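**Q** Structure file structure28.cif (mmCIF, C-alpha atoms) right here:
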data_entry
loop_
_atom_site.label_atom_id
_atom_site.label_comp_id
_atom_site.auth_asym_id
_atom_site.auth_seq_id
_atom_site.Cartn_x
_atom_site.Cartn_y
_atom_site.Cartn_z
CA MET R 1 27.70 42.26 -71.44
CA ARG R 2 28.07 38.50 -71.44
CA GLN R 3 31.42 37.33 -72.66
CA VAL R 4 31.46 34.58 -75.26
CA GLU R 5 33.46 31.60 -74.04
CA LYS R 6 36.40 30.81 -76.28
CA LYS R 7 36.32 27.23 -77.49
CA SER R 8 39.56 25.34 -77.61
CA PHE R 9 40.42 23.49 -80.79
CA LEU R 10 41.46 20.35 -78.99
CA PHE R 11 40.56 20.58 -75.32
CA ILE R 12 36.90 20.49 -74.39
CA SER R 13 35.00 21.32 -71.22
CA CYS R 14 33.46 18.69 -68.98
CA ASN R 15 29.95 19.66 -70.13
CA GLU R 16 30.93 19.42 -73.77
CA ALA R 17 32.50 16.03 -73.09
CA LYS R 18 29.27 14.80 -71.51
CA HIS R 19 27.28 16.07 -74.48
CA ILE R 20 29.58 14.23 -76.91
CA CYS R 21 29.37 11.12 -74.75
CA ASP R 22 25.55 11.22 -75.01
CA LYS R 23 25.81 11.53 -78.78
CA VAL R 24 28.22 8.59 -78.91
CA GLN R 25 25.54 6.38 -77.32
CA TYR R 26 23.35 6.99 -80.39
CA ASN R 27 26.19 6.90 -82.96
CA GLU R 28 25.74 10.58 -83.64
CA ALA R 29 29.20 11.83 -82.71
CA THR R 30 31.87 12.51 -85.35
CA ALA R 31 35.31 10.86 -85.26
CA TRP R 32 36.87 14.19 -84.26
CA GLU R 33 34.41 14.59 -81.35
CA LYS R 34 35.16 11.04 -80.19
CA PHE R 35 38.87 11.81 -80.28
CA LYS R 36 38.41 14.95 -78.16
CA LEU R 37 36.30 12.97 -75.70
CA LYS R 38 38.96 10.27 -75.38
CA LEU R 39 41.60 12.90 -74.84
CA ARG R 40 39.62 14.45 -71.99
CA CYS R 41 39.00 11.02 -70.46
CA LEU R 42 42.78 10.62 -70.07
CA TRP R 43 42.97 13.26 -67.37
CA CYS R 44 39.41 13.99 -66.16
CA HIS R 45 38.00 11.39 -63.78
CA ILE R 46 34.56 13.07 -63.78
CA THR R 47 34.26 12.61 -67.55
CA ARG R 48 35.63 9.09 -67.25
CA ASN R 49 33.03 8.17 -64.63
CA TYR R 50 30.26 9.71 -66.70
CA VAL R 51 31.36 7.78 -69.80
CA ASN R 52 31.51 4.47 -67.89
CA ARG R 53 28.07 4.98 -66.41
CA ASN R 54 26.58 6.05 -69.72
CA VAL R 55 28.04 3.10 -71.63
CA LYS R 56 26.77 0.74 -68.94
CA LEU R 57 23.25 2.17 -69.32
CA THR R 58 23.36 1.78 -73.12
CA GLU R 59 24.55 -1.81 -72.81
CA VAL R 60 21.92 -2.80 -70.28
CA ILE R 61 19.11 -1.31 -72.37
CA LYS R 62 20.38 -3.03 -75.51
CA SER R 63 20.67 -6.37 -73.75
CA SER R 64 17.14 -6.10 -72.37
CA GLN R 65 15.70 -6.01 -75.91
CA ILE R 66 12.74 -4.01 -74.64
CA THR R 67 10.28 -2.55 -77.09
CA CYS R 68 7.52 -0.06 -76.61
CA LEU R 69 4.50 1.35 -78.38
CA ALA R 70 4.84 4.18 -80.89
CA PRO R 71 3.13 7.44 -79.86
CA SER R 72 0.45 6.94 -82.56
CA GLU R 73 -0.25 3.42 -81.28
CA LYS R 74 -0.58 4.76 -77.75
CA GLN R 75 -2.94 7.46 -78.95
CA ASN R 76 -5.06 4.80 -80.63
CA LEU R 77 -5.17 2.73 -77.48
CA GLN R 78 -6.10 5.80 -75.46
CA GLN R 79 -8.96 6.64 -77.83
CA ASN R 80 -10.31 3.09 -77.76
CA LEU R 81 -10.09 2.99 -73.98
CA GLN R 82 -11.90 6.31 -73.65
CA GLN R 83 -14.69 5.05 -75.93
CA GLU R 84 -15.00 1.90 -73.85
CA LEU R 85 -15.10 3.99 -70.66
CA LYS R 86 -17.90 6.14 -72.12
CA LYS R 87 -19.85 3.01 -73.07
CA GLN R 88 -19.54 1.77 -69.51
CA LYS R 89 -20.77 4.99 -68.01
CA GLN R 90 -23.86 5.03 -70.24
CA MET M 1 -1.39 -2.29 -45.50
CA SER M 2 -1.83 0.59 -47.94
CA LYS M 3 -4.78 0.37 -50.30
CA HIS M 4 -4.28 0.82 -54.04
CA PHE M 5 -6.68 2.74 -56.25
CA ILE M 6 -7.66 2.48 -59.89
CA ASN M 7 -7.47 5.30 -62.40
CA PRO M 8 -8.18 4.08 -65.98
CA ASN M 9 -7.34 7.49 -67.44
CA LYS M 10 -3.68 6.97 -66.50
CA TRP M 11 -3.41 3.35 -67.64
CA ILE M 12 -2.03 4.04 -71.12
CA ASP M 13 0.65 6.46 -69.91
CA LYS M 14 1.68 4.38 -66.94
CA TYR M 15 1.37 0.77 -68.02
CA SER M 16 0.93 0.37 -71.79
CA ASP M 17 4.67 0.12 -72.54
CA TYR M 18 5.28 -2.28 -69.69
CA LEU M 19 2.36 -4.50 -70.66
CA PHE M 20 3.28 -4.35 -74.34
CA ASN M 21 6.88 -5.34 -73.64
CA PHE M 22 5.70 -8.17 -71.41
CA THR M 23 3.38 -9.42 -74.16
CA ILE M 24 5.68 -9.10 -77.16
CA SER M 25 8.36 -11.17 -75.45
CA ARG M 26 5.78 -13.95 -75.22
CA VAL M 27 3.83 -13.76 -78.47
CA ASN M 28 6.47 -12.38 -80.89
CA ASP M 29 3.85 -10.58 -82.94
CA ARG M 30 3.50 -6.80 -82.65
CA GLU M 31 -0.11 -6.60 -83.84
CA LYS M 32 -1.22 -9.50 -81.65
CA ALA M 33 0.59 -7.98 -78.68
CA LYS M 34 -1.23 -4.67 -79.20
CA ASP M 35 -4.57 -6.48 -79.38
CA LEU M 36 -3.84 -8.41 -76.20
CA VAL M 37 -2.89 -5.24 -74.33
CA GLN M 38 -6.09 -3.57 -75.50
CA ASP M 39 -8.16 -6.62 -74.52
CA THR M 40 -6.50 -6.51 -71.11
CA PHE M 41 -7.50 -2.88 -70.56
CA PHE M 42 -11.06 -3.61 -71.69
CA ALA M 43 -11.31 -6.65 -69.41
CA ALA M 44 -9.89 -4.59 -66.55
CA LEU M 45 -12.55 -1.92 -67.12
CA LYS M 46 -15.25 -4.56 -66.92
CA SER M 47 -13.94 -6.07 -63.71
CA MET M 48 -12.98 -2.80 -62.01
CA LYS M 49 -15.62 -3.43 -59.37
CA ASN M 50 -13.79 -6.58 -58.29
CA PHE M 51 -10.53 -4.73 -57.62
CA LYS M 52 -9.97 -4.86 -53.87
CA GLY M 53 -6.91 -2.64 -53.75
CA GLU M 54 -4.75 -5.29 -52.11
CA ALA M 55 -2.37 -5.54 -55.07
CA SER M 56 -1.04 -2.64 -57.10
CA GLU M 57 -2.83 -1.59 -60.27
CA ARG M 58 0.07 -2.91 -62.35
CA THR M 59 0.11 -6.33 -60.67
CA TRP M 60 -3.62 -6.60 -61.20
CA LEU M 61 -3.35 -5.66 -64.89
CA ILE M 62 -0.50 -8.13 -65.41
CA SER M 63 -2.56 -10.95 -63.90
CA ILE M 64 -5.36 -10.19 -66.39
CA LEU M 65 -2.84 -9.99 -69.25
CA LYS M 66 -1.34 -13.36 -68.31
CA ARG M 67 -4.78 -14.94 -68.64
CA LYS M 68 -5.26 -13.26 -72.02
CA ILE M 69 -1.92 -14.65 -73.23
CA ILE M 70 -2.83 -18.16 -72.04
CA ASP M 71 -6.17 -17.87 -73.87
CA HIS M 72 -4.32 -16.74 -76.99
CA TYR M 73 -2.08 -19.83 -76.91
CA ARG M 74 -5.02 -22.11 -76.20
CA LYS M 75 -6.70 -20.78 -79.34
CA ILE M 76 -3.53 -21.17 -81.42
CA ASN M 77 -2.93 -24.68 -80.14
CA SER M 78 -6.42 -25.81 -81.00
CA ILE M 79 -5.97 -24.49 -84.58
CA LYS M 80 -2.43 -25.91 -84.78
CA GLY M 81 -3.63 -29.29 -83.53
CA GLN M 82 -6.07 -29.50 -86.41
CA ALA M 83 -3.36 -28.54 -88.91
CA GLU M 84 -0.96 -31.16 -87.60
CA ILE M 85 -3.53 -33.92 -87.93
CA LYS M 86 -4.14 -32.86 -91.52
CA ILE M 87 -0.45 -33.04 -92.37
CA GLU M 88 -0.16 -36.44 -90.80
CA PHE M 89 -3.02 -37.74 -92.85
CA ASN M 90 -1.72 -36.24 -96.09
CA SER M 91 1.78 -37.68 -96.02
CA GLU M 92 1.99 -41.12 -94.55
CA ASP M 93 5.54 -41.75 -95.88
CA ASP M 94 6.94 -38.67 -94.21
CA GLU M 95 5.49 -39.53 -90.85
CA GLY M 96 7.08 -37.45 -88.14
CA SER M 97 9.29 -35.37 -90.44
CA TRP M 98 7.00 -32.33 -90.11
CA LEU M 99 7.74 -32.34 -86.41
CA GLU M 100 11.37 -31.42 -87.04
CA THR M 101 10.52 -28.21 -88.85
CA ARG M 102 8.45 -27.13 -85.90
CA VAL M 103 10.92 -28.12 -83.22
CA ALA M 104 13.95 -26.29 -84.66
CA ASP M 105 14.10 -22.76 -83.26
CA ALA M 106 17.08 -20.55 -84.04
CA ASP M 107 16.14 -17.98 -81.40
CA TYR M 108 15.82 -20.53 -78.65
CA LYS M 109 16.01 -18.94 -75.21
CA THR M 110 16.36 -20.73 -71.92
CA ALA M 111 13.80 -20.10 -69.21
CA GLU M 112 16.55 -18.42 -67.18
CA ASP M 113 17.30 -15.96 -70.02
CA SER M 114 13.64 -15.06 -70.22
CA ILE M 115 13.36 -14.49 -66.48
CA ILE M 116 16.45 -12.25 -66.41
CA ASN M 117 15.19 -10.28 -69.41
CA ASP M 118 11.76 -9.89 -67.83
CA GLU M 119 13.27 -8.61 -64.60
CA LEU M 120 15.57 -6.26 -66.48
CA GLY M 121 12.68 -4.94 -68.56
CA ASP M 122 10.72 -4.51 -65.37
CA ALA M 123 13.56 -2.50 -63.77
CA ILE M 124 13.94 -0.28 -66.85
CA PHE M 125 10.22 0.49 -67.09
CA ASN M 126 10.12 1.15 -63.35
CA CYS M 127 12.91 3.71 -63.67
CA LEU M 128 11.30 5.18 -66.77
CA SER M 129 8.04 5.71 -64.91
CA LYS M 130 9.86 7.81 -62.32
CA LEU M 131 11.10 10.33 -64.91
CA PRO M 132 9.19 13.53 -65.65
CA SER M 133 6.84 12.85 -68.56
CA LYS M 134 8.76 14.86 -71.19
CA GLN M 135 12.07 13.22 -70.27
CA ALA M 136 10.46 9.79 -70.36
CA THR M 137 8.92 10.44 -73.78
CA VAL M 138 12.16 11.72 -75.31
CA PHE M 139 14.23 8.95 -73.74
CA ARG M 140 11.80 6.29 -74.93
CA MET M 141 11.68 7.64 -78.49
CA LYS M 142 15.44 8.11 -78.75
CA THR M 143 16.75 5.10 -76.85
CA ILE M 144 14.12 2.40 -77.05
CA GLU M 145 12.43 3.17 -80.36
CA GLY M 146 15.72 4.40 -81.87
CA LEU M 147 14.14 7.32 -83.71
CA GLU M 148 16.23 9.98 -85.46
CA THR M 149 16.90 13.26 -83.64
CA GLU M 150 15.15 15.21 -86.41
CA THR M 151 12.01 13.06 -86.24
CA ILE M 152 11.70 13.50 -82.48
CA CYS M 153 12.30 17.24 -82.72
CA ASN M 154 9.56 17.56 -85.36
CA ASP M 155 7.13 15.35 -83.43
CA LEU M 156 7.61 17.13 -80.11
CA ASN M 157 8.30 20.58 -81.56
CA ILE M 158 11.63 21.06 -79.78
CA THR M 159 15.09 22.07 -80.99
CA ALA M 160 17.97 19.62 -81.29
CA SER M 161 19.90 21.29 -78.47
CA ASN M 162 16.79 21.11 -76.31
CA LEU M 163 16.50 17.41 -77.10
CA TRP M 164 20.09 16.73 -76.07
CA VAL M 165 19.59 18.55 -72.76
CA ILE M 166 16.50 16.40 -72.06
CA VAL M 167 18.33 13.22 -73.11
CA HIS M 168 21.24 14.13 -70.85
CA ARG M 169 19.01 14.66 -67.80
CA ALA M 170 17.06 11.51 -68.52
CA ARG M 171 20.21 9.42 -68.89
CA ILE M 172 21.60 10.69 -65.57
CA ALA M 173 18.33 9.86 -63.79
CA MET M 174 18.04 6.46 -65.50
CA ALA M 175 21.65 5.53 -64.68
CA GLU M 176 21.16 6.49 -61.03
CA CYS M 177 17.91 4.54 -60.80
CA MET M 178 19.34 1.47 -62.53
CA GLU M 179 22.34 1.55 -60.21
CA LYS M 180 20.02 1.41 -57.23
CA ASN M 181 17.67 -1.20 -58.63
CA TRP M 182 19.69 -3.36 -60.97
CA PHE M 183 23.49 -3.00 -60.73
CA LYS M 184 23.70 -3.09 -56.92
#
Give the structure from this file in structure tokens form.
**A**
Amino acid sequence: MRQVEKKSFLFISCNEAKHICDKVQYNEATAWEKFKLKLRCLWCHITRNYVNRNVKLTEVIKSSQITCLAPSEKQNLQQNLQQELKKQKQ
Amino acid sequence: MSKHFINPNKWIDKYSDYLFNFTISRVNDREKAKDLVQDTFFAALKSMKNFKGEASERTWLISILKRKIIDHYRKINSIKGQAEIKIEFNSEDDEGSWLETRVADADYKTAEDSIINDELGDAIFNCLSKLPSKQATVFRMKTIEGLETETICNDLNITASNLWVIVHRARIAMAECMEKNWFK
């Protein structure tokens, strides 16, 4: 039988830290989660590296101000293009 | 030299975001940008026979789009020119004052800013195109469009924990790719 991993109240695993770090990039982490992440960063260089890299990615995407089409807009474009393709083949 | 081939069925998936981003940074109007991208695809379909395969599909599409954008501004300028003459004729006392309202631009960007932003956008879309399609879709919806977790989960029919796993993998791949192509 698989044993259920006991979760510590304060100390989190590296994977959990990475998950919280991802959520932080989208402002979806709670204050308590952020605190636990910071605590782990104090002694885990793997988490620290991951956080630095992740923050850098968020910053660069924000600074680029890129936008893209919504899925419905893409679908519309695709339909119009397909119609045009059909017309050409006829 | 390797020859490039055309596949219109893949255009929307592969290039629509890149072309749209390129356009919107130049026309500042979402609807107009969409129209220009669509016109570009239609024009590309018509001139497919002229594609020699010397440039990549994307380069070729961009060159068509650039012409479409120039045409768009030519049209605007001809309409604007008429409007300006009218204003000048209507208010002789205020001669020249209407120019000021047109010159002032709070969001003024230098040419250098635009070039850096274009290159950065280019690098991001390049990296995005290398991701598996599901990762790219989720990353785009969450990071670029800024959609809520719940909305994405409903749209793509996935659970929240599934979404975070996909986001995590996509972010690792994107960070690695950007390190190679942008931060180096």
**Q** Considering all atoms listed in the file, can you say which of M:Ala170, M:Ala136, M:Cys127, M:Leu65 comes closest to M:Arg26?
**A**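 Closest residue, counting all atoms listed in the file: M:Leu65.
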**Q** Taking only C-alpha atoms into account, what are the residues of chain R at most 6 Å from chain M, put as a compact mmCIF listing (two decimals) with C-alpha atoms, in the frame of the given file?
**A**
# COMPACT_ATOMS: atom_id res chain seq x y z
CA LEU R 57 23.25 2.17 -69.32
CA SER R 64 17.14 -6.10 -72.37
CA THR R 67 10.28 -2.55 -77.09
CA CYS R 68 7.52 -0.06 -76.61
CA LEU R 69 4.50 1.35 -78.38
**Q** Enumerate, as JSON, numbers by chain, the residues matched when the PyMOL selection byres ((chain R and resi 17) around 9) is run on the file above.
**A** {"R": [12, 13, 14, 15, 16, 18, 19, 20, 21, 22, 33, 36, 37, 38, 40, 41, 47, 51]}
**Q** Atom CA of M:Thr59 to atom CA of R:Pro71: how many Å, to one decimal?
**A** 23.8 Å
**Q** Determine the nearest neighbour of M:Lys66 from the options M:Asn28, M:Asn181, M:Ser133, M:Thr40, counting only C-alpha atoms.
**A** M:Thr40
**Q** Quote the spacing between atom CA of M:Asn154 and atom CA of R:Thr58 in Å to one decimal place.
**A**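 Separation between atom CA of M:Asn154 and atom CA of R:Thr58: 24.3 Å.
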**Q** Since I can't run it myself right now, could you work out what the PyMOL selection byres ((chain M and resi 69) around 9) selects here and report it as a ChimeraX atom specification?
**A** /M:23,26-27,33,36,64-68,70-74
**Q** For a test of reading the model, state the distance in Å between atom CA of R:Asn27 and atom CA of R:Val55, rounded to one decimal.
**A**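 Those two atoms sit 12.1 Å apart.
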**Q** Closest to M:Leu163 among R:Glu84, R:Phe35, R:Ile46, R:Lys23, using only C-alpha atoms?
**A**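 Nearest candidate to M:Leu163 out of R:Glu84, R:Phe35, R:Ile46, R:Lys23: R:Lys23.
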**Q** Calculated over only C-alpha atoms, which of the candidates M:Ala160, M:Val138, M:Cys177, M:Leu61 has the smallest distance to M:Ser47?
**A** M:Leu61
**Q** With only C-alpha atoms as the atoms that count, which of R:Asn76, R:Gln25, R:Gln82, R:Ser8 lies nearest to R:Ile61?
**A**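 When distances to R:Ile61 are compared using only C-alpha atoms, the smallest one comes from R:Gln25.
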**Q** N, CA and C atoms are what I want for stretch 9-40 of chain R; can you complete it accordingly and write them as an mmCIF file, keeping the file's coordinate frame?
**A**
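Output contents, as saved in result-v2.cif:
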data_model
loop_
_atom_site.group_PDB
_atom_site.id
_atom_site.type_symbol
_atom_site.label_atom_id
_atom_site.label_comp_id
_atom_site.auth_asym_id
_atom_site.auth_seq_id
_atom_site.Cartn_x
_atom_site.Cartn_y
_atom_site.Cartn_z
ATOM 1 N N PHE R 9 40.439 24.353 -79.619
ATOM 2 C CA PHE R 9 40.420 23.490 -80.790
ATOM 3 C C PHE R 9 40.461 22.023 -80.386
ATOM 4 N N LEU R 10 41.228 21.735 -79.367
ATOM 5 C CA LEU R 10 41.460 20.350 -78.990
ATOM 6 C C LEU R 10 40.886 19.974 -77.625
ATOM 7 N N PHE R 11 40.999 20.900 -76.681
ATOM 8 C CA PHE R 11 40.560 20.580 -75.320
ATOM 9 C C PHE R 11 39.130 21.059 -75.068
ATOM 10 N N ILE R 12 38.314 20.157 -74.589
ATOM 11 C CA ILE R 12 36.900 20.490 -74.390
ATOM 12 C C ILE R 12 36.561 20.552 -72.906
ATOM 13 N N SER R 13 35.439 21.214 -72.618
ATOM 14 C CA SER R 13 35.000 21.320 -71.220
ATOM 15 C C SER R 13 34.322 20.016 -70.801
ATOM 16 N N CYS R 14 34.102 19.898 -69.504
ATOM 17 C CA CYS R 14 33.460 18.690 -68.980
ATOM 18 C C CYS R 14 32.040 18.563 -69.543
ATOM 19 N N ASN R 15 31.331 19.691 -69.611
ATOM 20 C CA ASN R 15 29.950 19.660 -70.130
ATOM 21 C C ASN R 15 29.917 19.241 -71.594
ATOM 22 N N GLU R 16 30.879 19.777 -72.356
ATOM 23 C CA GLU R 16 30.930 19.420 -73.770
ATOM 24 C C GLU R 16 31.260 17.929 -73.918
ATOM 25 N N ALA R 17 32.128 17.456 -73.043
ATOM 26 C CA ALA R 17 32.500 16.030 -73.090
ATOM 27 C C ALA R 17 31.282 15.147 -72.803
ATOM 28 N N LYS R 18 30.476 15.570 -71.848
ATOM 29 C CA LYS R 18 29.270 14.800 -71.510
ATOM 30 C C LYS R 18 28.288 14.796 -72.675
ATOM 31 N N HIS R 19 28.184 15.957 -73.332
ATOM 32 C CA HIS R 19 27.280 16.070 -74.480
ATOM 33 C C HIS R 19 27.739 15.125 -75.603
ATOM 34 N N ILE R 20 29.050 15.125 -75.859
ATOM 35 C CA ILE R 20 29.580 14.230 -76.910
ATOM 36 C C ILE R 20 29.347 12.779 -76.513
ATOM 37 N N CYS R 21 29.561 12.486 -75.237
ATOM 38 C CA CYS R 21 29.370 11.120 -74.750
ATOM 39 C C CYS R 21 27.926 10.653 -74.978
ATOM 40 N N ASP R 22 26.969 11.559 -74.747
ATOM 41 C CA ASP R 22 25.550 11.220 -75.010
ATOM 42 C C ASP R 22 25.356 10.909 -76.482
ATOM 43 N N LYS R 23 25.974 11.749 -77.337
ATOM 44 C CA LYS R 23 25.810 11.530 -78.780
ATOM 45 C C LYS R 23 26.437 10.210 -79.223
ATOM 46 N N VAL R 24 27.549 9.857 -78.575
ATOM 47 C CA VAL R 24 28.220 8.590 -78.910
ATOM 48 C C VAL R 24 27.275 7.404 -78.685
ATOM 49 N N GLN R 25 26.454 7.493 -77.645
ATOM 50 C CA GLN R 25 25.540 6.380 -77.320
ATOM 51 C C GLN R 25 24.540 6.112 -78.442
ATOM 52 N N TYR R 26 24.315 7.145 -79.281
ATOM 53 C CA TYR R 26 23.350 6.990 -80.390
ATOM 54 C C TYR R 26 24.056 7.059 -81.744
ATOM 55 N N ASN R 27 25.374 6.845 -81.726
ATOM 56 C CA ASN R 27 26.190 6.900 -82.960
ATOM 57 C C ASN R 27 26.017 8.214 -83.709
ATOM 58 N N GLU R 28 25.928 9.295 -82.979
ATOM 59 C CA GLU R 28 25.740 10.580 -83.640
ATOM 60 C C GLU R 28 26.927 11.524 -83.449
ATOM 61 N N ALA R 29 28.019 10.996 -82.905
ATOM 62 C CA ALA R 29 29.200 11.830 -82.710
ATOM 63 C C ALA R 29 30.176 11.602 -83.866
ATOM 64 N N THR R 30 30.888 12.654 -84.256
ATOM 65 C CA THR R 30 31.870 12.510 -85.350
ATOM 66 C C THR R 30 33.153 11.904 -84.780
ATOM 67 N N ALA R 31 34.039 11.463 -85.686
ATOM 68 C CA ALA R 31 35.310 10.860 -85.260
ATOM 69 C C ALA R 31 36.138 11.877 -84.468
ATOM 70 N N TRP R 32 36.100 13.135 -84.924
ATOM 71 C CA TRP R 32 36.870 14.190 -84.260
ATOM 72 C C TRP R 32 36.348 14.422 -82.828
ATOM 73 N N GLU R 33 35.019 14.412 -82.677
ATOM 74 C CA GLU R 33 34.410 14.590 -81.350
ATOM 75 C C GLU R 33 34.814 13.422 -80.436
ATOM 76 N N LYS R 34 34.785 12.217 -81.002
ATOM 77 C CA LYS R 34 35.160 11.040 -80.190
ATOM 78 C C LYS R 34 36.610 11.148 -79.731
ATOM 79 N N PHE R 35 37.458 11.651 -80.629
ATOM 80 C CA PHE R 35 38.870 11.810 -80.280
ATOM 81 C C PHE R 35 39.028 12.800 -79.126
ATOM 82 N N LYS R 36 38.317 13.927 -79.213
ATOM 83 C CA LYS R 36 38.410 14.950 -78.160
ATOM 84 C C LYS R 36 37.893 14.407 -76.820
ATOM 85 N N LEU R 37 36.851 13.567 -76.920
ATOM 86 C CA LEU R 37 36.300 12.970 -75.700
ATOM 87 C C LEU R 37 37.321 12.019 -75.055
ATOM 88 N N LYS R 38 37.967 11.212 -75.903
ATOM 89 C CA LYS R 38 38.960 10.270 -75.380
ATOM 90 C C LYS R 38 40.122 10.998 -74.732
ATOM 91 N N LEU R 39 40.482 12.098 -75.356
ATOM 92 C CA LEU R 39 41.600 12.900 -74.840
ATOM 93 C C LEU R 39 41.246 13.428 -73.442
ATOM 94 N N ARG R 40 40.023 13.908 -73.308
ATOM 95 C CA ARG R 40 39.620 14.450 -71.990
ATOM 96 C C ARG R 40 39.554 13.340 -70.942
#
